[in-house]
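These notes are about the structure you will find just below.
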Amino acid sequence: MLVPITIEALSPLAFPERKPGVQFRSSLQYVPGAAIYGALGMLLGKALDAEAFGKLFREIRCHNAYPIVQG
């Protein structure tokens, strides 16, 4: 099942690419799926018991979220 979501940044977001030895890193232009997965885990982990959480998270797949322009 595909569940569309909208992400609204309430403050600046930064998702740097991993480049060792670089002091300043530019941010990716999208929200990585792993960041979405982690945020969902943090929220749902508080709402579900361990068994339900484990079962649900084995089935979830999160893709990257790319910006859109309204209209």
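Every chain in the structure tokens takes a letter, A first, then B, and so on in the order presented; its residues are numbered from 1, and the ligands are numbered from 1 following the presented order.
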
Using only C-alpha atoms, which residues of region 27-49 of chain A come within 8 Å of region 9-16 of chain A, and what is the closest atom pair for each, with the distance in Å to one decimal? Give it as CSV, sorted by chain and residue number.
residue,atom,partner,partner_atom,distance
A:Ser27,CA,A:Pro16,CA,4.3
A:Leu28,CA,A:Phe15,CA,5.4
A:Tyr30,CA,A:Phe15,CA,7.9
A:Val31,CA,A:Phe15,CA,7.1
A:Pro32,CA,A:Phe15,CA,7.6

Could you write those residues out with all heavy atoms, as a short mmCIF file (atom, residue, chain, number, x, y, z; two decimals), in the first residue's frame?
data_model
loop_
_atom_site.label_atom_id
_atom_site.label_comp_id
_atom_site.auth_asym_id
_atom_site.auth_seq_id
_atom_site.Cartn_x
_atom_site.Cartn_y
_atom_site.Cartn_z
N SER A 27 24.24 20.17 1.57
CA SER A 27 23.12 19.30 1.90
C SER A 27 22.52 18.68 0.64
O SER A 27 22.57 19.26 -0.44
CB SER A 27 22.03 20.10 2.63
OG SER A 27 20.95 19.25 2.96
N LEU A 28 21.97 17.50 0.81
CA LEU A 28 21.21 16.89 -0.27
C LEU A 28 19.99 17.77 -0.56
O LEU A 28 19.52 18.50 0.32
CB LEU A 28 20.75 15.49 0.13
CG LEU A 28 21.85 14.48 0.42
CD1 LEU A 28 21.27 13.21 1.03
CD2 LEU A 28 22.60 14.16 -0.85
N TYR A 30 17.01 16.71 -1.07
CA TYR A 30 15.82 15.92 -0.76
C TYR A 30 15.96 15.34 0.65
O TYR A 30 17.03 15.39 1.24
CB TYR A 30 15.65 14.79 -1.78
CG TYR A 30 16.84 13.87 -1.87
CD1 TYR A 30 16.95 12.76 -1.04
CD2 TYR A 30 17.87 14.12 -2.77
CE1 TYR A 30 18.05 11.92 -1.11
CE2 TYR A 30 18.97 13.28 -2.85
CZ TYR A 30 19.06 12.19 -2.02
OH TYR A 30 20.15 11.37 -2.08
N VAL A 31 14.87 14.83 1.17
CA VAL A 31 14.90 14.16 2.47
C VAL A 31 15.11 12.67 2.21
O VAL A 31 14.29 12.03 1.55
CB VAL A 31 13.57 14.39 3.24
CG1 VAL A 31 13.61 13.65 4.57
CG2 VAL A 31 13.31 15.87 3.45
N PRO A 32 16.21 12.11 2.70
CA PRO A 32 16.48 10.69 2.45
C PRO A 32 15.43 9.78 3.09
O PRO A 32 14.91 10.08 4.18
CB PRO A 32 17.84 10.46 3.10
CG PRO A 32 18.44 11.81 3.26
CD PRO A 32 17.29 12.76 3.41
#

Return as a tab-separated table the residues of region 2-28 of chain A lying at most 10 Å from region 46-69 of chain A, together with the closest atom-to-atom pair for each and the distance in Å to one decimal, counting only C-alpha atoms, with rows in chain order and ascending residue number.
residue	atom	partner	partner_atom	distance
A:Leu2	CA	A:Arg61	CA	9.6
A:Val3	CA	A:Cys62	CA	9.9
A:Ile5	CA	A:Ala65	CA	9.1
A:Thr6	CA	A:Ala65	CA	8.8
A:Ile7	CA	A:Ala65	CA	8.2

Give the helix (DSSP H, G or I) residues of chain A, as DSSP finds them on the backbone, and put them as a VMD selection string. chain A and resid 33 to 47 50 to 59

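If you look at CA of Pro4 (chain A) and CA of Gly38 (chain A), they are 16.8 Å away from each other.
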